[in-house]
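One file, query_10.txt, is given below (compact mmCIF, C-alpha atoms).
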# COMPACT_ATOMS: atom_id res chain seq x y z
CA MET A 7 22.92 -38.18 -2.73
CA TRP A 8 23.99 -39.15 -6.25
CA GLN A 9 21.50 -40.28 -8.85
CA ASN A 10 22.29 -42.99 -11.39
CA GLY A 11 25.95 -42.78 -10.40
CA LYS A 12 26.16 -39.12 -11.44
CA VAL A 13 26.74 -36.01 -9.35
CA PRO A 14 23.53 -33.90 -9.34
CA LYS A 15 23.76 -30.57 -11.17
CA ILE A 16 24.48 -27.68 -8.80
CA ILE A 17 22.13 -24.70 -9.11
CA GLY A 18 23.86 -21.47 -8.10
CA THR A 19 27.44 -20.67 -7.16
CA ASN A 20 27.77 -22.89 -4.07
CA LEU A 21 26.02 -25.65 -2.14
CA SER A 22 24.23 -23.23 0.18
CA GLU A 23 22.77 -21.29 -2.74
CA HIS A 24 21.94 -24.57 -4.48
CA ARG A 25 20.03 -25.82 -1.45
CA GLU A 26 18.05 -22.58 -1.16
CA LYS A 27 17.13 -22.58 -4.86
CA VAL A 28 16.03 -26.22 -4.75
CA ARG A 29 13.84 -25.50 -1.72
CA GLU A 30 12.27 -22.57 -3.56
CA GLN A 31 11.57 -24.81 -6.57
CA LEU A 32 9.89 -27.34 -4.29
CA PHE A 33 7.80 -24.61 -2.62
CA GLU A 34 6.71 -23.30 -6.02
CA ALA A 35 5.77 -26.78 -7.20
CA LEU A 36 3.84 -27.52 -4.00
CA ALA A 37 1.92 -24.24 -4.28
CA LYS A 38 0.87 -25.01 -7.86
CA LEU A 39 -0.17 -28.57 -7.01
CA LEU A 40 -2.15 -27.43 -3.96
CA ALA A 41 -4.10 -25.09 -6.24
CA GLN A 42 -5.13 -28.12 -8.31
CA ARG A 43 -5.43 -31.03 -5.89
CA ALA A 44 -5.86 -31.98 -2.27
CA PHE A 45 -2.66 -32.20 -0.23
CA GLU A 46 -3.41 -35.76 0.90
CA SER A 47 -3.45 -36.95 -2.72
CA LEU A 48 0.05 -35.64 -3.50
CA THR A 49 3.21 -37.72 -3.36
CA MET A 50 6.80 -36.62 -2.89
CA ALA A 51 7.62 -38.05 -6.32
CA GLU A 52 4.96 -35.87 -7.97
CA ILE A 53 6.16 -32.76 -6.13
CA ALA A 54 9.78 -33.50 -7.06
CA LYS A 55 8.86 -34.00 -10.72
CA ALA A 56 6.91 -30.73 -10.83
CA ALA A 57 9.91 -28.97 -9.28
CA GLY A 58 12.41 -30.54 -11.65
CA VAL A 59 14.16 -32.24 -8.73
CA GLY A 60 15.29 -35.87 -8.66
CA ARG A 61 12.93 -38.31 -6.93
CA THR A 62 15.62 -39.33 -4.46
CA ALA A 63 17.35 -35.95 -4.18
CA VAL A 64 14.18 -34.39 -2.76
CA TYR A 65 14.71 -36.39 0.43
CA ASN A 66 18.00 -34.56 1.01
CA HIS A 67 15.86 -31.53 1.74
CA PHE A 68 12.70 -32.91 3.36
CA PRO A 69 12.04 -36.32 4.95
CA ASP A 70 8.36 -36.35 3.88
CA LYS A 71 5.65 -34.18 2.38
CA GLU A 72 4.39 -32.95 5.77
CA ALA A 73 7.86 -31.58 6.55
CA LEU A 74 7.84 -29.88 3.14
CA LEU A 75 4.38 -28.42 3.78
CA LEU A 76 5.42 -27.10 7.19
CA GLU A 77 8.56 -25.43 5.81
CA PHE A 78 6.54 -23.98 2.94
CA ILE A 79 3.95 -22.48 5.30
CA GLU A 80 6.68 -21.15 7.59
CA HIS A 81 8.49 -19.54 4.63
CA GLU A 82 5.33 -17.93 3.27
CA THR A 83 4.02 -16.82 6.66
CA HIS A 84 7.33 -15.18 7.58
CA HIS A 85 7.42 -13.01 4.46
CA TYR A 86 3.65 -12.44 4.49
CA THR A 87 3.72 -11.26 8.12
CA GLN A 88 6.73 -9.01 7.54
CA THR A 89 4.99 -7.29 4.63
CA LEU A 90 1.74 -6.90 6.59
CA GLU A 91 3.53 -5.48 9.65
CA SER A 92 5.45 -3.06 7.44
CA ALA A 93 2.19 -1.74 5.97
CA LEU A 94 0.85 -1.16 9.50
CA ALA A 95 4.08 0.17 11.04
CA ASP A 96 3.17 3.88 10.93
CA VAL A 97 -0.58 3.49 11.53
CA LYS A 98 -1.68 4.84 14.92
CA ASP A 99 -5.48 4.70 14.56
CA PRO A 100 -6.75 1.08 14.82
CA ALA A 101 -9.74 1.96 12.61
CA VAL A 102 -7.33 2.98 9.87
CA GLY A 103 -5.35 -0.13 10.72
CA ILE A 104 -8.37 -2.32 9.97
CA ARG A 105 -8.71 -0.68 6.55
CA VAL A 106 -4.98 -1.19 5.86
CA TYR A 107 -5.22 -4.81 7.04
CA ILE A 108 -8.11 -5.57 4.69
CA ARG A 109 -6.37 -3.96 1.71
CA SER A 110 -3.10 -5.71 2.49
CA GLN A 111 -4.79 -9.11 2.84
CA LEU A 112 -6.55 -8.71 -0.51
CA GLU A 113 -3.42 -7.52 -2.32
CA LEU A 114 -1.04 -9.95 -0.63
CA GLY A 115 -3.40 -12.82 -1.37
CA ALA A 116 -2.68 -12.32 -5.06
CA THR A 117 1.08 -12.37 -4.44
CA TYR A 118 1.74 -15.05 -1.86
CA ARG A 119 1.19 -18.76 -2.36
CA LEU A 120 -0.59 -19.72 0.85
CA ALA A 121 -3.38 -22.12 -0.11
CA PRO A 122 -6.62 -20.13 0.42
CA GLY A 123 -9.77 -21.27 2.07
CA ARG A 124 -8.69 -24.73 3.24
CA ASP A 125 -7.72 -25.92 6.70
CA LEU A 126 -4.70 -28.13 5.99
CA ARG A 127 -4.58 -29.16 9.65
CA ARG A 128 -7.36 -31.64 8.90
CA VAL A 129 -5.21 -33.71 6.55
CA VAL A 130 -1.88 -33.83 8.39
CA SER A 131 -0.70 -35.41 11.64
CA SER A 132 -1.74 -33.80 14.92
CA GLU A 133 1.84 -32.61 15.57
CA THR A 134 2.13 -30.95 12.16
CA GLY A 135 -1.37 -29.53 12.64
CA ARG A 136 -0.31 -27.84 15.89
CA LYS A 137 2.71 -26.30 14.16
CA LEU A 138 0.57 -25.04 11.28
CA HIS A 139 -1.79 -23.43 13.81
CA VAL A 140 1.14 -21.54 15.37
CA HIS A 141 2.07 -20.04 12.01
CA GLY A 142 -1.52 -19.03 11.25
CA ALA A 143 -1.84 -17.48 14.70
CA ARG A 144 0.97 -15.02 13.87
CA ILE A 145 -1.21 -13.42 11.21
CA GLU A 146 -4.36 -13.64 13.34
CA GLN A 147 -2.63 -11.81 16.19
CA ILE A 148 -2.19 -8.70 14.04
CA LEU A 149 -5.95 -8.46 13.43
CA ARG A 150 -6.75 -9.43 17.03
CA SER A 151 -4.66 -6.53 18.33
CA LEU A 152 -6.57 -4.06 16.15
CA PHE A 153 -9.96 -5.41 17.31
CA ASP A 154 -8.85 -5.32 20.95
CA GLN A 155 -7.81 -1.66 20.65
CA LEU A 156 -11.12 -0.68 19.04
CA ILE A 157 -13.17 -2.46 21.73
CA ALA A 158 -11.05 -1.14 24.61
CA SER A 159 -11.47 2.46 23.37
CA GLY A 160 -15.23 2.02 22.95
CA THR A 161 -14.97 2.75 19.23
CA ILE A 162 -16.90 -0.45 18.48
CA PRO A 163 -19.18 -2.53 20.74
CA ALA A 164 -17.72 -5.43 22.72
CA GLN A 165 -17.77 -8.49 20.47
CA ASN A 166 -16.41 -12.03 20.31
CA VAL A 167 -13.03 -11.38 18.69
CA ASP A 168 -12.47 -15.03 17.74
CA ILE A 169 -15.67 -14.99 15.69
CA LEU A 170 -14.75 -11.64 14.13
CA ILE A 171 -11.36 -12.96 13.03
CA SER A 172 -12.96 -16.07 11.54
CA LEU A 173 -15.57 -14.06 9.62
CA TYR A 174 -13.03 -11.52 8.36
CA HIS A 175 -10.66 -14.18 7.07
CA ALA A 176 -13.52 -16.17 5.53
CA THR A 177 -14.51 -13.05 3.59
CA LEU A 178 -10.96 -12.28 2.47
CA ALA A 179 -9.64 -15.78 1.74
CA GLY A 180 -9.06 -16.57 -1.90
CA ARG A 181 -10.87 -13.48 -3.16
CA PRO A 182 -9.53 -12.61 -6.64
CA LEU A 183 -8.81 -9.03 -7.64
CA PRO A 184 -9.14 -7.74 -11.21
CA THR A 185 -6.04 -6.30 -12.85
CA GLU A 186 -8.00 -3.38 -14.31
CA PRO A 187 -7.15 -0.48 -11.89
CA VAL A 188 -10.62 1.04 -11.43
CA ALA A 189 -12.34 -2.31 -10.93
CA ARG A 190 -9.54 -3.41 -8.59
CA GLU A 191 -9.87 -0.33 -6.38
CA TYR A 192 -13.67 -0.57 -6.43
CA ILE A 193 -13.56 -4.16 -5.17
CA ILE A 194 -11.05 -3.34 -2.42
CA LEU A 195 -13.08 -0.36 -1.19
CA SER A 196 -16.33 -2.35 -1.36
CA VAL A 197 -14.89 -5.18 0.73
CA GLN A 198 -13.46 -2.65 3.19
CA ASN A 199 -16.85 -0.94 3.55
CA PHE A 200 -18.64 -4.26 4.06
CA LEU A 201 -16.24 -5.43 6.78
CA LEU A 202 -16.06 -2.05 8.51
CA ARG A 203 -19.87 -1.85 8.72
CA ALA A 204 -19.96 -5.41 10.07
CA ILE A 205 -18.10 -4.40 13.25
CA GLY A 206 -19.79 -1.02 13.73
CA LEU A 207 -17.30 1.31 12.03
CA GLU A 208 -19.89 3.09 9.88
CA ASP A 209 -17.97 6.38 10.16
CA ALA A 210 -14.96 4.78 8.44
CA VAL A 211 -16.97 3.75 5.35
CA VAL A 212 -16.05 5.68 2.19
CA ASP A 213 -18.46 6.99 -0.44
CA LEU A 214 -18.20 5.01 -3.69
CA SER A 215 -20.45 7.29 -5.76
CA ASP A 216 -17.43 8.63 -7.69
CA PHE A 217 -17.14 5.19 -9.28
CA THR A 218 -20.60 5.46 -10.89
CA PRO A 219 -19.48 7.09 -14.16
CA MET A 220 -16.47 4.75 -14.39
CA LEU A 221 -18.57 1.60 -14.08
CA GLY A 222 -20.67 2.06 -17.19
CA GLU A 223 -21.89 -1.10 -18.85
CA ASP A 224 -19.38 -0.85 -21.69
CA GLY A 225 -16.44 0.34 -19.61
CA LYS A 226 -13.31 -1.69 -18.92
CA ALA A 227 -14.02 -1.68 -15.18
CA SER A 228 -17.48 -3.16 -15.60
CA ILE A 229 -16.14 -5.81 -17.97
CA ALA A 230 -13.37 -6.68 -15.48
CA LEU A 231 -15.97 -7.14 -12.73
CA SER A 232 -18.16 -9.34 -14.91
CA GLU A 233 -15.18 -11.54 -15.78
CA LEU A 234 -14.82 -12.28 -12.08
CA GLY A 235 -18.49 -13.16 -11.88
CA ILE A 236 -19.26 -9.95 -9.97
CA ALA A 237 -22.29 -8.04 -11.19
CA CYS A 238 -21.99 -4.27 -11.19
CA PRO A 239 -24.49 -3.09 -8.53
CA ILE A 240 -25.17 0.09 -10.48
CA HIS A 241 -26.35 -1.57 -13.70
CA ASN A 242 -27.57 -4.99 -12.47
Show the structure stored in the file as structure tokens.
Amino acid sequence: MWQNGKVPKIIGTNLSEHREKVREQLFEALAKLLAQRAFESLTMAEIAKAAGVGRTAVYNHFPDKEALLLEFIEHETHHYTQTLESALADVKDPAVGIRVYIRSQLELGATYRLAPGRDLRRVVSSETGRKLHVHGARIEQILRSLFDQLIASGTIPAQNVDILISLYHATLAGRPLPTEPVAREYIILSVQNFLLRAIGLEDAVVDLSDFTPMLGEDGKASIALSELGIACPIHN
């Protein structure tokens, strides 16, 4: 579609590359807006403007904002799931798999643009909501499989897996990680220990006493924790 009688500028070397780059710009813009405002308050015009795409040209790619949201979630989930499955590919012990899953979720959460901590199904049509659930279920199934293996082997007591998945994801969703390496590793290991104890994997918990001298009050790690609003348990 032409705008103001002019041919839109082509991004990339051909139309296929142009279309892919425009979609990526729209995904990026949607992710940033979702971090600031509720999805139901957004308009296609606002998303297009944030993406640097013409108000009418955006409809060449998506008929409405729900279609854009669905494609965005599908795009993110596909890459997110691939990365998570790759991290677990060579893991044979489901207890180790749980530890890898937790670490991956925390680290991937800082990389991928899935809106944390909000059920978008509540603000879209029932049909779009069902499709969003399917995409979320792909990630849930990875954790479910690990829980099922642990319960079947008697490694942990029989438990309601649906509740476990909900509690795990509630703990992991939107949790920021410091960039300072020691503080970052300390947070990851602490969250792992908490969630492993919660399901009865006390033997898989690691000793964090080696972090004591590195978490002094004036150290970079302690400062990084305080900036996240996390009090150092050793000195507070």
Here's a test: counting only C-alpha atoms, identify every protein, DNA and RNA residue with an atom at most 12 Å from (12.8, -36.6, -6.4) in the file's coordinate frame, and state them as a ChimeraX atom specification. /A:7-9,14,28,31-32,49-71
Using all atoms listed in the file, pick whichever of A:Pro219, A:Pro184, A:Gly142, A:Gly206 has the shortest atom-to-atom distance to Leu156 (chain A). A:Gly206
I'd like the interatomic distance between CA of Thr87 (chain A) and CA of Gly115 (chain A), to a tenth of an Å. 12.0 Å
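Among the candidate residues A:Leu183, A:Ala158, A:Leu195, A:Leu75, the one lying nearest to Val212 (chain A) is A:Leu195, with distances computed using only C-alpha atoms.
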Of the candidates A:Lys27, A:Arg150, A:His175, A:Arg144, which one gets nearest to Leu112 (chain A) if we count all atoms listed in the file?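 Once distances to Leu112 (chain A) are computed over all atoms listed in the file, the minimum belongs to A:His175.
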Env of Pro100 (chain A): 9 Å cut, atoms = all atoms listed in the file, seq-sep filter 5 positions within chain, self excluded. Answer as a CSV table (one decimal) with C-alpha atoms, keeping the file's coordinate frame.
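The resulting file, around-v8.csv, is shown below:
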chain,number,residue,atom,x,y,z
A,105,ARG,CA,-8.7,-0.7,6.6
A,151,SER,CA,-4.7,-6.5,18.3
A,152,LEU,CA,-6.6,-4.1,16.2
A,153,PHE,CA,-10.0,-5.4,17.3
A,155,GLN,CA,-7.8,-1.7,20.6
A,156,LEU,CA,-11.1,-0.7,19.0
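Restricting the calculation to only C-alpha atoms, the smallest distance between Val197 (chain A) and any of A:Ser215, A:Asn166, A:Gln147, A:Gln111 is found for A:Gln111.
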At what distance in Å, to one decimal, does CA of Thr185 (chain A) lie from CA of Phe33 (chain A)?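 Separation of CA of Phe33 (chain A) and CA of Thr185 (chain A): 25.1 Å.
The coordinates place CA of Thr134 (chain A) at 16.5 Å from CA of Ala44 (chain A).
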Which residues are close to Asn199 (chain A), i.e. within 10 Å by all atoms listed in the file, leaving aside same-chain residues fewer than 6 positions away? Reply as a tab-separated table (two decimals) with C-alpha atoms, in the coordinates of the input.
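What landed in around.tsv:
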chain	number	residue	atom	x	y	z
A	105	ARG	CA	-8.71	-0.68	6.55
A	108	ILE	CA	-8.11	-5.57	4.69
A	193	ILE	CA	-13.56	-4.16	-5.17
A	207	LEU	CA	-17.30	1.31	12.03
A	208	GLU	CA	-19.89	3.09	9.88
A	209	ASP	CA	-17.97	6.38	10.16
A	210	ALA	CA	-14.96	4.78	8.44
A	211	VAL	CA	-16.97	3.75	5.35
A	212	VAL	CA	-16.05	5.68	2.19
A	213	ASP	CA	-18.46	6.99	-0.44
A	214	LEU	CA	-18.20	5.01	-3.69
If I only have part of region 184-210 of chain A, can you fill in N, CA, C and O atoms and write it as a JSON list (two decimals), in the frame of the given file?
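Printed below is selection.json as written:
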[["chain", "number", "residue", "atom", "x", "y", "z"],
["A", 184, "PRO", "N", -9.37, -8.00, -9.78],
["A", 184, "PRO", "CA", -9.14, -7.74, -11.21],
["A", 184, "PRO", "C", -7.86, -6.95, -11.40],
["A", 184, "PRO", "O", -7.41, -6.24, -10.50],
["A", 185, "THR", "N", -7.26, -7.07, -12.56],
["A", 185, "THR", "CA", -6.04, -6.30, -12.85],
["A", 185, "THR", "C", -6.38, -4.90, -13.33],
["A", 185, "THR", "O", -5.55, -3.99, -13.22],
["A", 186, "GLU", "N", -7.58, -4.70, -13.85],
["A", 186, "GLU", "CA", -8.00, -3.38, -14.31],
["A", 186, "GLU", "C", -8.05, -2.45, -13.09],
["A", 186, "GLU", "O", -8.74, -2.74, -12.10],
["A", 187, "PRO", "N", -7.33, -1.31, -13.09],
["A", 187, "PRO", "CA", -7.15, -0.48, -11.89],
["A", 187, "PRO", "C", -8.43, 0.01, -11.23],
["A", 187, "PRO", "O", -8.56, -0.06, -9.99],
["A", 188, "VAL", "N", -9.39, 0.51, -12.01],
["A", 188, "VAL", "CA", -10.62, 1.04, -11.43],
["A", 188, "VAL", "C", -11.43, -0.07, -10.78],
["A", 188, "VAL", "O", -11.90, 0.06, -9.63],
["A", 189, "ALA", "N", -11.60, -1.18, -11.48],
["A", 189, "ALA", "CA", -12.34, -2.31, -10.93],
["A", 189, "ALA", "C", -11.65, -2.85, -9.69],
["A", 189, "ALA", "O", -12.30, -3.21, -8.71],
["A", 190, "ARG", "N", -10.31, -2.92, -9.73],
["A", 190, "ARG", "CA", -9.54, -3.41, -8.59],
["A", 190, "ARG", "C", -9.79, -2.55, -7.35],
["A", 190, "ARG", "O", -10.07, -3.06, -6.27],
["A", 191, "GLU", "N", -9.68, -1.23, -7.52],
["A", 191, "GLU", "CA", -9.87, -0.33, -6.38],
["A", 191, "GLU", "C", -11.31, -0.38, -5.88],
["A", 191, "GLU", "O", -11.57, -0.32, -4.68],
["A", 192, "TYR", "N", -12.25, -0.49, -6.81],
["A", 192, "TYR", "CA", -13.67, -0.57, -6.43],
["A", 192, "TYR", "C", -13.95, -1.79, -5.57],
["A", 192, "TYR", "O", -14.66, -1.71, -4.56],
["A", 193, "ILE", "N", -13.37, -2.93, -5.94],
["A", 193, "ILE", "CA", -13.56, -4.16, -5.17],
["A", 193, "ILE", "C", -12.94, -4.02, -3.78],
["A", 193, "ILE", "O", -13.55, -4.38, -2.77],
["A", 194, "ILE", "N", -11.73, -3.50, -3.72],
["A", 194, "ILE", "CA", -11.05, -3.34, -2.42],
["A", 194, "ILE", "C", -11.86, -2.45, -1.50],
["A", 194, "ILE", "O", -12.10, -2.78, -0.32],
["A", 195, "LEU", "N", -12.30, -1.29, -2.01],
["A", 195, "LEU", "CA", -13.08, -0.36, -1.19],
["A", 195, "LEU", "C", -14.42, -0.96, -0.78],
["A", 195, "LEU", "O", -14.90, -0.74, 0.34],
["A", 196, "SER", "N", -15.04, -1.72, -1.68],
["A", 196, "SER", "CA", -16.33, -2.35, -1.36],
["A", 196, "SER", "C", -16.18, -3.37, -0.24],
["A", 196, "SER", "O", -17.03, -3.44, 0.67],
["A", 197, "VAL", "N", -15.13, -4.19, -0.32],
["A", 197, "VAL", "CA", -14.89, -5.18, 0.73],
["A", 197, "VAL", "C", -14.56, -4.48, 2.05],
["A", 197, "VAL", "O", -15.04, -4.88, 3.12],
["A", 198, "GLN", "N", -13.77, -3.42, 1.98],
["A", 198, "GLN", "CA", -13.46, -2.65, 3.19],
["A", 198, "GLN", "C", -14.74, -2.12, 3.82],
["A", 198, "GLN", "O", -14.96, -2.25, 5.03],
["A", 199, "ASN", "N", -15.61, -1.50, 3.02],
["A", 199, "ASN", "CA", -16.85, -0.94, 3.55],
["A", 199, "ASN", "C", -17.72, -2.01, 4.19],
["A", 199, "ASN", "O", -18.29, -1.81, 5.28],
["A", 200, "PHE", "N", -17.83, -3.15, 3.54],
["A", 200, "PHE", "CA", -18.64, -4.26, 4.06],
["A", 200, "PHE", "C", -18.13, -4.72, 5.43],
["A", 200, "PHE", "O", -18.90, -4.88, 6.39],
["A", 201, "LEU", "N", -16.81, -4.92, 5.53],
["A", 201, "LEU", "CA", -16.24, -5.43, 6.78],
["A", 201, "LEU", "C", -16.19, -4.37, 7.87],
["A", 201, "LEU", "O", -16.30, -4.70, 9.07],
["A", 202, "LEU", "N", -16.05, -3.11, 7.51],
["A", 202, "LEU", "CA", -16.06, -2.05, 8.51],
["A", 202, "LEU", "C", -17.47, -1.88, 9.09],
["A", 202, "LEU", "O", -17.64, -1.72, 10.30],
["A", 203, "ARG", "N", -18.49, -1.92, 8.23],
["A", 203, "ARG", "CA", -19.87, -1.85, 8.72],
["A", 203, "ARG", "C", -20.19, -3.03, 9.65],
["A", 203, "ARG", "O", -20.93, -2.89, 10.62],
["A", 204, "ALA", "N", -19.65, -4.19, 9.32],
["A", 204, "ALA", "CA", -19.96, -5.41, 10.07],
["A", 204, "ALA", "C", -19.57, -5.31, 11.54],
["A", 204, "ALA", "O", -20.18, -5.95, 12.40],
["A", 205, "ILE", "N", -18.54, -4.51, 11.85],
["A", 205, "ILE", "CA", -18.10, -4.40, 13.25],
["A", 205, "ILE", "C", -18.53, -3.09, 13.90],
["A", 205, "ILE", "O", -18.21, -2.83, 15.06],
["A", 206, "GLY", "N", -19.27, -2.25, 13.15],
["A", 206, "GLY", "CA", -19.79, -1.02, 13.73],
["A", 206, "GLY", "C", -18.96, 0.21, 13.44],
["A", 206, "GLY", "O", -19.08, 1.22, 14.13],
["A", 207, "LEU", "N", -18.12, 0.16, 12.40],
["A", 207, "LEU", "CA", -17.30, 1.31, 12.03],
["A", 207, "LEU", "C", -17.92, 2.04, 10.82],
["A", 207, "LEU", "O", -17.27, 2.25, 9.80],
["A", 208, "GLU", "N", -19.17, 2.43, 10.97],
["A", 208, "GLU", "CA", -19.89, 3.09, 9.88],
["A", 208, "GLU", "C", -19.20, 4.39, 9.47],
["A", 208, "GLU", "O", -19.18, 4.75, 8.29],
["A", 209, "ASP", "N", -18.62, 5.10, 10.45],
["A", 209, "ASP", "CA", -17.97, 6.38, 10.16],
["A", 209, "ASP", "C", -16.72, 6.22, 9.27],
["A", 209, "ASP", "O", -16.26, 7.19, 8.66],
["A", 210, "ALA", "N", -16.17, 5.02, 9.23],
["A", 210, "ALA", "CA", -14.96, 4.78, 8.44],
["A", 210, "ALA", "C", -15.27, 4.37, 7.01],
["A", 210, "ALA", "O", -14.36, 4.24, 6.19]]
